[in-house]
$ cat input-v5.tsv   # TSV, C-alpha atoms
chain	number	residue	atom	x	y	z
A	1	MET	CA	37.00	-13.42	-3.84
A	2	ALA	CA	35.03	-10.93	-1.74
A	3	GLU	CA	32.49	-8.83	-3.61
A	4	GLU	CA	33.50	-5.22	-4.10
A	5	ARG	CA	31.58	-2.92	-1.81
A	6	ILE	CA	29.61	0.14	-2.85
A	7	ARG	CA	31.76	3.22	-2.25
A	8	PHE	CA	29.91	6.14	-0.69
A	9	GLY	CA	30.68	9.81	-0.79
A	10	ILE	CA	29.00	11.98	1.84
A	11	LEU	CA	28.06	15.55	0.93
A	12	GLY	CA	28.13	17.60	4.10
A	13	CYS	CA	28.81	16.99	7.76
A	14	ALA	CA	25.34	17.41	9.27
A	15	ASN	CA	24.46	15.71	12.55
A	16	ILE	CA	22.48	12.97	10.81
A	17	ALA	CA	25.59	12.21	8.73
A	18	ARG	CA	27.28	10.98	11.92
A	19	LYS	CA	24.59	8.33	12.37
A	20	ASN	CA	24.62	7.26	8.74
A	21	SER	CA	28.40	7.23	8.41
A	22	ARG	CA	28.35	4.65	11.21
A	23	ALA	CA	25.56	2.83	9.36
A	24	ILE	CA	27.60	2.70	6.16
A	25	ASN	CA	30.58	1.26	8.00
A	26	MET	CA	28.37	-1.36	9.66
A	27	SER	CA	26.78	-2.44	6.39
A	28	PRO	CA	28.57	-5.48	4.92
A	29	ASN	CA	28.28	-4.28	1.32
A	30	SER	CA	29.27	-0.62	1.74
A	31	LEU	CA	32.15	1.63	2.73
A	32	ILE	CA	32.83	5.34	3.05
A	33	HIS	CA	35.18	6.44	0.30
A	34	ALA	CA	34.98	10.23	0.61
A	35	ILE	CA	33.71	13.08	2.78
A	36	GLY	CA	33.02	16.49	1.28
A	37	SER	CA	32.35	19.69	3.18
A	38	ARG	CA	32.46	23.42	2.51
A	39	SER	CA	36.01	23.39	3.84
A	40	LEU	CA	38.73	20.78	4.09
A	41	GLU	CA	39.05	21.55	7.80
A	42	LYS	CA	35.40	20.63	8.43
A	43	ALA	CA	35.76	17.40	6.49
A	44	ALA	CA	38.87	16.49	8.50
A	45	ALA	CA	37.16	17.33	11.79
A	46	PHE	CA	34.19	15.13	10.84
A	47	ALA	CA	36.47	12.21	9.92
A	48	SER	CA	38.35	12.53	13.19
A	49	ALA	CA	35.26	12.86	15.38
A	50	ASN	CA	33.70	9.78	13.81
A	51	ASN	CA	36.88	7.65	13.78
A	52	LEU	CA	36.81	7.18	10.03
A	53	SER	CA	39.54	5.25	8.28
A	54	PRO	CA	42.61	7.28	7.23
A	55	GLU	CA	41.96	5.90	3.75
A	56	VAL	CA	38.77	8.00	3.45
A	57	LYS	CA	39.29	10.85	1.00
A	58	LEU	CA	38.69	14.33	2.41
A	59	TYR	CA	37.50	17.12	0.16
A	60	GLY	CA	36.88	20.81	0.76
A	61	SER	CA	33.91	20.95	-1.62
A	62	TYR	CA	30.97	18.82	-2.70
A	63	ASP	CA	32.00	19.02	-6.35
A	64	GLU	CA	35.26	17.22	-5.60
A	65	VAL	CA	33.31	14.26	-4.23
A	66	LEU	CA	31.20	14.10	-7.38
A	67	ASP	CA	34.33	14.33	-9.55
A	68	ASP	CA	35.92	11.35	-7.81
A	69	PRO	CA	35.48	8.42	-10.24
A	70	ALA	CA	35.70	5.88	-7.40
A	71	VAL	CA	32.49	7.15	-5.75
A	72	ASP	CA	29.54	4.93	-6.66
A	73	ALA	CA	26.86	6.64	-4.58
A	74	VAL	CA	26.36	9.77	-2.52
A	75	TYR	CA	24.50	10.34	0.70
A	76	ILE	CA	23.08	13.87	0.81
A	77	PRO	CA	22.21	15.15	4.32
A	78	LEU	CA	22.21	18.82	3.28
A	79	PRO	CA	19.40	21.28	4.12
A	80	THR	CA	16.31	20.63	2.00
A	81	SER	CA	16.77	23.90	0.11
A	82	LEU	CA	20.01	22.48	-1.34
A	83	HIS	CA	18.66	19.07	-2.33
A	84	LEU	CA	17.55	19.99	-5.83
A	85	GLU	CA	20.91	21.48	-6.81
A	86	TRP	CA	23.08	18.70	-5.44
A	87	ALA	CA	20.82	15.81	-6.36
A	88	LEU	CA	20.81	17.06	-9.96
A	89	LYS	CA	24.59	17.44	-10.00
A	90	SER	CA	24.98	13.98	-8.48
A	91	ALA	CA	22.68	12.34	-11.03
A	92	GLN	CA	24.47	14.09	-13.89
A	93	LYS	CA	27.74	12.64	-12.58
A	94	LYS	CA	26.12	9.16	-12.56
A	95	LYS	CA	26.19	8.90	-8.78
A	96	HIS	CA	23.40	6.94	-7.10
A	97	ILE	CA	21.60	9.02	-4.49
A	98	LEU	CA	20.52	8.36	-0.92
A	99	LEU	CA	18.69	11.59	-0.11
A	100	GLU	CA	17.70	12.77	3.34
A	101	LYS	CA	14.05	13.47	3.95
A	102	PRO	CA	12.19	15.51	3.04
A	103	PRO	CA	13.82	15.10	-0.37
A	104	ALA	CA	12.45	18.37	-1.74
A	105	LEU	CA	10.45	21.44	-0.88
A	106	SER	CA	7.86	20.71	-3.56
A	107	VAL	CA	6.57	17.91	-5.75
A	108	GLN	CA	7.78	19.86	-8.77
A	109	ASP	CA	11.35	19.89	-7.46
A	110	LEU	CA	11.18	16.19	-6.62
A	111	ASP	CA	9.91	15.38	-10.11
A	112	ILE	CA	12.96	17.13	-11.56
A	113	ILE	CA	15.22	15.02	-9.32
A	114	ILE	CA	13.44	11.78	-10.24
A	115	GLU	CA	13.61	12.61	-13.95
A	116	ALA	CA	17.35	13.32	-13.68
A	117	CYS	CA	17.89	9.98	-11.93
A	118	ASN	CA	15.86	8.14	-14.58
A	119	THR	CA	17.72	9.85	-17.41
A	120	ASN	CA	21.10	8.98	-15.94
A	121	GLY	CA	20.19	5.48	-14.79
A	122	VAL	CA	20.90	6.03	-11.10
A	123	GLN	CA	19.09	4.75	-8.03
A	124	LEU	CA	17.20	7.16	-5.78
A	125	MET	CA	16.09	6.36	-2.25
A	126	ASP	CA	15.06	8.62	0.62
A	127	GLY	CA	16.37	8.18	4.15
A	128	THR	CA	13.26	6.82	5.89
A	129	MET	CA	15.03	4.24	8.05
A	130	TRP	CA	12.13	2.48	9.78
A	131	MET	CA	10.92	1.12	6.45
A	132	HIS	CA	13.92	-1.26	6.45
A	133	HIS	CA	13.55	-2.74	9.92
A	134	PRO	CA	12.44	-6.41	9.91
A	135	ARG	CA	9.65	-5.41	12.30
A	136	THR	CA	8.05	-3.44	9.46
A	137	HIS	CA	7.79	-6.58	7.32
A	138	LYS	CA	6.31	-8.57	10.21
A	139	MET	CA	3.70	-5.87	10.88
A	140	LYS	CA	2.75	-5.82	7.21
A	141	GLN	CA	2.04	-9.55	7.40
A	142	LEU	CA	-0.38	-8.88	10.24
A	143	LEU	CA	-2.19	-6.16	8.29
A	144	GLY	CA	-2.62	-8.57	5.39
A	145	ASN	CA	-4.18	-11.32	7.51
A	146	PRO	CA	-7.96	-11.37	6.93
A	147	ASP	CA	-8.65	-13.36	10.10
A	148	LEU	CA	-6.43	-11.49	12.54
A	149	PHE	CA	-6.79	-7.95	11.14
A	150	GLY	CA	-9.61	-7.82	8.62
A	151	ASN	CA	-10.25	-4.66	6.61
A	152	LEU	CA	-8.33	-1.47	7.32
A	153	ASN	CA	-10.50	1.27	8.81
A	154	SER	CA	-8.21	3.95	10.27
A	155	VAL	CA	-4.63	4.92	11.03
A	156	HIS	CA	-3.38	7.32	13.71
A	157	SER	CA	0.27	8.36	13.73
A	158	ASN	CA	2.30	10.90	15.67
A	159	PHE	CA	5.92	11.91	16.05
A	160	THR	CA	6.81	14.64	18.51
A	161	PHE	CA	9.82	15.74	20.49
A	162	SER	CA	10.45	18.66	22.80
A	163	ALA	CA	13.23	20.61	21.12
A	164	PRO	CA	15.53	22.70	23.35
A	165	ALA	CA	15.65	26.48	23.06
A	166	ASP	CA	18.83	26.43	20.99
A	167	PHE	CA	17.19	24.10	18.43
A	168	LEU	CA	14.14	26.35	18.16
A	169	GLN	CA	16.37	29.35	17.52
A	170	ASN	CA	19.21	27.96	15.42
A	171	ASP	CA	18.53	24.52	13.92
A	172	ILE	CA	18.23	24.41	10.14
A	173	ARG	CA	14.78	22.81	10.57
A	174	VAL	CA	13.35	26.11	11.83
A	175	LYS	CA	15.00	28.32	9.18
A	176	PRO	CA	12.81	29.35	6.20
A	177	ASP	CA	15.80	29.51	3.84
A	178	MET	CA	17.03	26.02	4.76
A	179	ASP	CA	14.15	23.72	5.71
A	180	ALA	CA	11.01	25.77	5.16
A	181	LEU	CA	8.66	22.85	5.89
A	182	GLY	CA	9.82	22.69	9.52
A	183	ALA	CA	8.22	20.04	11.73
A	184	LEU	CA	5.95	18.95	8.88
A	185	GLY	CA	8.91	18.12	6.65
A	186	ASP	CA	10.94	16.57	9.44
A	187	ALA	CA	8.67	14.67	11.86
A	188	GLY	CA	5.53	14.81	9.71
A	189	TRP	CA	7.30	12.98	6.87
A	190	TYR	CA	7.51	9.84	9.01
A	191	CYS	CA	3.85	10.03	10.01
A	192	ILE	CA	2.66	10.47	6.44
A	193	ARG	CA	4.84	7.58	5.29
A	194	SER	CA	3.41	5.33	8.00
A	195	ILE	CA	-0.13	6.16	6.87
A	196	LEU	CA	0.70	5.39	3.25
A	197	TRP	CA	2.46	2.17	4.28
A	198	ALA	CA	-0.58	0.95	6.21
A	199	ASN	CA	-2.82	1.77	3.23
A	200	ASP	CA	-0.66	-0.10	0.69
A	201	TYR	CA	0.32	3.30	-0.74
A	202	GLN	CA	-3.20	4.03	-1.95
A	203	MET	CA	-3.62	7.80	-1.99
A	204	PRO	CA	-6.47	9.45	-0.08
A	205	GLN	CA	-9.13	11.54	-1.78
A	206	THR	CA	-8.84	14.59	0.47
A	207	VAL	CA	-6.26	16.11	2.83
A	208	THR	CA	-7.32	18.56	5.54
A	209	ALA	CA	-4.99	20.25	8.00
A	210	LEU	CA	-6.17	20.23	11.61
A	211	PRO	CA	-6.57	23.33	13.79
A	212	GLY	CA	-3.75	24.25	16.14
A	213	CYS	CA	-0.84	24.65	13.73
A	214	VAL	CA	2.03	26.50	15.44
A	215	VAL	CA	4.59	28.52	13.49
A	216	ASN	CA	7.62	30.54	14.58
A	217	ASP	CA	8.21	34.23	13.85
A	218	ALA	CA	9.61	33.32	10.43
A	219	GLY	CA	6.50	31.33	9.54
A	220	VAL	CA	8.12	27.88	9.81
A	221	ILE	CA	5.88	25.12	11.17
A	222	LEU	CA	6.71	23.96	14.70
A	223	ALA	CA	3.65	21.75	15.19
A	224	CYS	CA	0.76	20.64	13.00
A	225	GLY	CA	-1.58	17.80	12.12
A	226	ALA	CA	-3.88	16.64	9.36
A	227	ALA	CA	-6.66	14.22	8.45
A	228	PHE	CA	-6.83	12.08	5.31
A	229	LEU	CA	-10.02	10.61	3.85
A	230	TRP	CA	-10.33	7.82	1.28
A	231	GLN	CA	-13.30	7.39	-1.02
A	232	ASP	CA	-14.29	4.11	0.64
A	233	GLY	CA	-14.45	5.71	4.10
A	234	ARG	CA	-10.99	4.90	5.43
A	235	VAL	CA	-9.54	7.71	7.52
A	236	ALA	CA	-6.15	8.64	8.95
A	237	THR	CA	-4.85	11.38	11.21
A	238	PHE	CA	-1.39	12.46	12.26
A	239	SER	CA	0.27	15.05	14.46
A	240	CYS	CA	3.88	16.18	14.53
A	241	SER	CA	5.63	18.68	16.75
A	242	PHE	CA	8.92	20.15	17.94
A	243	LEU	CA	7.11	21.30	21.10
A	244	SER	CA	5.81	18.14	22.82
A	245	ASP	CA	7.58	15.38	24.69
A	246	MET	CA	8.91	12.38	22.77
A	247	SER	CA	6.28	10.16	21.15
A	248	MET	CA	6.36	7.91	18.09
A	249	ASP	CA	2.99	6.17	18.20
A	250	LEU	CA	1.32	4.30	15.38
A	251	ILE	CA	-2.13	2.72	15.70
A	252	VAL	CA	-3.71	0.86	12.79
A	253	ASN	CA	-7.33	-0.21	13.27
A	254	GLY	CA	-8.92	-3.04	11.32
A	255	SER	CA	-12.35	-4.64	11.41
A	256	LYS	CA	-10.97	-7.65	13.31
A	257	GLY	CA	-7.69	-6.47	14.81
A	258	VAL	CA	-5.49	-3.58	15.91
A	259	LEU	CA	-1.75	-2.94	15.51
A	260	ARG	CA	-0.03	-0.69	18.06
A	261	LEU	CA	3.53	0.44	18.59
A	262	HIS	CA	5.12	3.30	20.45
A	263	ASP	CA	8.52	3.67	18.76
A	264	PHE	CA	7.86	3.32	15.04
A	265	VAL	CA	10.43	5.92	13.92
A	266	ILE	CA	13.35	4.86	16.12
A	267	PRO	CA	13.00	1.64	18.15
A	268	TYR	CA	13.68	1.74	21.88
A	269	GLU	CA	16.56	-0.68	21.34
A	270	GLU	CA	18.96	-0.94	18.41
A	271	ASP	CA	18.96	-4.74	18.18
A	272	SER	CA	15.29	-5.44	18.76
A	273	ALA	CA	11.84	-3.93	18.36
A	274	SER	CA	8.35	-5.00	19.33
A	275	TYR	CA	4.78	-4.31	18.35
A	276	PHE	CA	1.46	-5.12	19.95
A	277	SER	CA	-1.63	-6.64	18.40
A	278	THR	CA	-5.14	-7.59	19.38
A	279	SER	CA	-7.60	-9.65	17.38
A	280	ASN	CA	-11.32	-10.19	17.83
A	281	VAL	CA	-11.31	-8.77	21.34
A	282	ASN	CA	-14.44	-8.26	23.44
A	283	LEU	CA	-15.18	-7.05	26.92
A	284	THR	CA	-15.82	-9.50	29.73
A	285	GLN	CA	-19.43	-10.34	30.61
A	286	LEU	CA	-19.90	-7.48	33.08
A	287	HIS	CA	-17.66	-5.12	31.12
A	288	THR	CA	-15.10	-5.09	33.90
A	289	GLY	CA	-12.16	-5.78	31.60
A	290	TRP	CA	-11.03	-7.20	28.27
A	291	ASP	CA	-11.34	-10.89	27.47
A	292	SER	CA	-7.74	-10.93	26.20
A	293	LYS	CA	-4.71	-8.69	26.52
A	294	PRO	CA	-2.61	-7.36	23.62
A	295	SER	CA	0.06	-9.75	22.36
A	296	GLU	CA	3.61	-8.43	22.21
A	297	HIS	CA	5.72	-9.54	19.25
A	298	LEU	CA	9.50	-9.10	19.52
A	299	VAL	CA	11.60	-8.85	16.36
A	300	MET	CA	15.38	-9.15	16.59
A	301	THR	CA	17.85	-7.66	14.12
A	302	GLU	CA	21.58	-8.11	13.68
A	303	LEU	CA	21.98	-4.65	12.17
A	304	PRO	CA	20.28	-1.39	13.16
A	305	GLN	CA	17.60	-0.13	10.78
A	306	GLU	CA	19.82	2.58	9.31
A	307	SER	CA	22.41	-0.04	8.32
A	308	LEU	CA	19.70	-2.19	6.80
A	309	MET	CA	18.63	0.83	4.77
A	310	ILE	CA	22.21	1.30	3.56
A	311	GLN	CA	22.51	-2.40	2.80
A	312	GLU	CA	19.33	-2.43	0.70
A	313	PHE	CA	20.28	0.76	-1.14
A	314	ALA	CA	23.76	-0.63	-1.85
A	315	ARG	CA	22.25	-3.88	-3.10
A	316	LEU	CA	20.18	-1.96	-5.64
A	317	VAL	CA	23.19	0.13	-6.66
A	318	LYS	CA	25.33	-2.98	-7.08
A	319	SER	CA	22.72	-4.47	-9.40
A	320	VAL	CA	23.04	-1.44	-11.65
A	321	ARG	CA	26.83	-1.11	-11.36
A	322	ASP	CA	27.85	-4.75	-11.72
A	323	SER	CA	25.01	-6.43	-13.58
A	324	GLY	CA	23.72	-3.70	-15.85
A	325	GLY	CA	20.35	-3.76	-14.15
A	326	LYS	CA	17.89	-0.88	-14.04
A	327	ALA	CA	17.35	1.29	-11.01
A	328	ASP	CA	14.43	0.19	-8.86
A	329	SER	CA	11.41	2.45	-9.43
A	330	GLN	CA	9.49	1.41	-6.31
A	331	TRP	CA	11.38	3.61	-3.86
A	332	PRO	CA	11.14	6.87	-5.87
A	333	ALA	CA	7.40	6.20	-6.37
A	334	ILE	CA	6.87	5.83	-2.61
A	335	THR	CA	8.94	8.95	-2.01
A	336	ARG	CA	6.82	10.92	-4.47
A	337	LYS	CA	3.53	9.87	-2.89
A	338	THR	CA	4.83	10.96	0.51
A	339	GLN	CA	5.90	14.30	-0.94
A	340	VAL	CA	2.50	14.83	-2.58
A	341	LEU	CA	0.71	14.37	0.74
A	342	LEU	CA	3.27	16.49	2.61
A	343	ASN	CA	2.73	19.39	0.24
A	344	ALA	CA	-1.05	18.91	0.32
A	345	VAL	CA	-0.99	19.29	4.11
A	346	ASN	CA	1.06	22.46	3.77
A	347	LYS	CA	-1.33	23.78	1.12
A	348	SER	CA	-4.28	23.15	3.43
A	349	ILE	CA	-2.52	24.99	6.26
A	350	GLN	CA	-1.79	27.97	4.00
A	351	ALA	CA	-5.42	27.97	2.80
A	352	GLY	CA	-6.82	28.28	6.31
A	353	LEU	CA	-7.49	24.55	6.82
A	354	LEU	CA	-9.50	24.11	3.64
A	355	SER	CA	-9.55	20.55	2.29
A	356	VAL	CA	-7.26	19.73	-0.62
A	357	THR	CA	-8.61	17.25	-3.16
A	358	LEU	CA	-6.02	15.03	-4.82
$ encode --input "input-v5.tsv" --output "structure tokens"
Amino acid sequence: MAEERIRFGILGCANIARKNSRAINMSPNSLIHAIGSRSLEKAAAFASANNLSPEVKLYGSYDEVLDDPAVDAVYIPLPTSLHLEWALKSAQKKKHILLEKPPALSVQDLDIIIEACNTNGVQLMDGTMWMHHPRTHKMKQLLGNPDLFGNLNSVHSNFTFSAPADFLQNDIRVKPDMDALGALGDAGWYCIRSILWANDYQMPQTVTALPGCVVNDAGVILACGAAFLWQDGRVATFSCSFLSDMSMDLIVNGSKGVLRLHDFVIPYEEDSASYFSTSNVNLTQLHTGWDSKPSEHLVMTELPQESLMIQEFARLVKSVRDSGGKADSQWPAITRKTQVLLNAVNKSIQAGLLSVTL
């Protein structure tokens, strides 16, 4: 007998929900049970545009999705300003929560969400897809190799894209009442997560925003950067922007090796991804070149990273639903550390680039 899949309800019909509705349908342990929007017409239009099964329930409110007893978990792609309200309501209805990033506007709000999930025994995970790609695991093995990588010294991460004029005027990510953290909360989230990932989630001692932060007329961040410093001398920098051409670079420098990739957020190809490494490299005798070139490592995947995220989330949910297990605490802990650093960067920006000590 086939195992019963995790039944998802989706709250809202945002653009990212199109990608993740496809991901849910591609995941072997998940299915879309319900779509909720602010109107039944919008829910129906979303189902039609994304070729969803006629068996999917369509609701004209988010509350109706939460009241559906068949829904095991909800995916929440709503504006960040609505996350606290709907994550709390979802947890209180015993629905497991896959929450778009950034999960909250502040650490305080996120702590309320995490506490509600703990109290109600539901799983919480944020929507950072690249964490679930098999390439990420392979790269982590490299960073842990004392001969090929050595000790971690520095990390440099950036995620930028050149947003069109309509985005810069009308997208929720530039509206102070919807996603007040702007490019920092959107693109910067990925950069901060990559820095934490490379550092085994050890928190830095200080966070300092870099000069050159750009804000729109409403005060929402369009571009910014920051530097992190650890007590033992490790450093990291990142930059994020809605104003520069597409880049998703990650460079991790060790005492004996270097990891490089240029598409860490979204791989160039859906079914494969590569990374580059060098180890113990020197210049040639007359310094006319390198004595070895970077090695390219190709990692194949049967499912795209967003489906792997859904699959892992559903696996954790199934453990709670079917086996009486406890929700996994690792993912909320990683989410919280990312949120702490995100808000520290914003605090440094607001303080005129003063360092924030954690």
$ atom_distance --input "input-v5.tsv" --atom1 "CA of Asn20 in chain A" --atom2 "CA of Arg336 in chain A"
22.5 Å
$ residues_around --input "input-v5.tsv" --residues "range 264-280 of chain A" --least-positions-apart "2" --cutoff "6 Å" --atoms "all atoms listed in the file" --output "list in words"
Trp130, Leu148, Met248, Lys256, Gly257, Val258, Leu259, Arg260, Leu261, Pro294, Ser295, Glu296, His297, Leu298, Val299, Met300, Thr301 and Pro304 of chain A
$ write_last_selection --input "input-v5.tsv" --atoms "C-alpha atoms" --output "PDB file, in the frame of the given file"
ATOM      1  CA  TRP A 130      12.130   2.480   9.780  1.00  0.00           C
ATOM      2  CA  LEU A 148      -6.430 -11.490  12.540  1.00  0.00           C
ATOM      3  CA  MET A 248       6.360   7.910  18.090  1.00  0.00           C
ATOM      4  CA  LYS A 256     -10.970  -7.650  13.310  1.00  0.00           C
ATOM      5  CA  GLY A 257      -7.690  -6.470  14.810  1.00  0.00           C
ATOM      6  CA  VAL A 258      -5.490  -3.580  15.910  1.00  0.00           C
ATOM      7  CA  LEU A 259      -1.750  -2.940  15.510  1.00  0.00           C
ATOM      8  CA  ARG A 260      -0.030  -0.690  18.060  1.00  0.00           C
ATOM      9  CA  LEU A 261       3.530   0.440  18.590  1.00  0.00           C
ATOM     10  CA  PRO A 294      -2.610  -7.360  23.620  1.00  0.00           C
ATOM     11  CA  SER A 295       0.060  -9.750  22.360  1.00  0.00           C
ATOM     12  CA  GLU A 296       3.610  -8.430  22.210  1.00  0.00           C
ATOM     13  CA  HIS A 297       5.720  -9.540  19.250  1.00  0.00           C
ATOM     14  CA  LEU A 298       9.500  -9.100  19.520  1.00  0.00           C
ATOM     15  CA  VAL A 299      11.600  -8.850  16.360  1.00  0.00           C
ATOM     16  CA  MET A 300      15.380  -9.150  16.590  1.00  0.00           C
ATOM     17  CA  THR A 301      17.850  -7.660  14.120  1.00  0.00           C
ATOM     18  CA  PRO A 304      20.280  -1.390  13.160  1.00  0.00           C
TER      19      PRO A 304
END
$ residues_around --input "input-v5.tsv" --residues "range 27-29 of chain A" --least-positions-apart "2" --cutoff "8 Å" --atoms "all atoms listed in the file" --output "list in words"
Glu3, Glu4, Arg5, Ile6, Ala23, Ile24, Asn25, Leu31, Leu303, Ser307, Leu308, Ile310, Gln311, Ala314 and Arg315 of chain A
$ atom_distance --input "input-v5.tsv" --atom1 "CA of Ser319 in chain A" --atom2 "CA of Met129 in chain A"
21.0 Å
$ atom_distance --input "input-v5.tsv" --atom1 "CA of Ala227 in chain A" --atom2 "CA of Gln205 in chain A"
10.9 Å
$ residues_around --input "input-v5.tsv" --residues "range 70-80 of chain A" --least-positions-apart "4" --cutoff "7 Å" --atoms "only C-alpha atoms" --output "ChimeraX atom specification"
/A:6-12,14,16-17,33,95-100,102-105,172,178-179
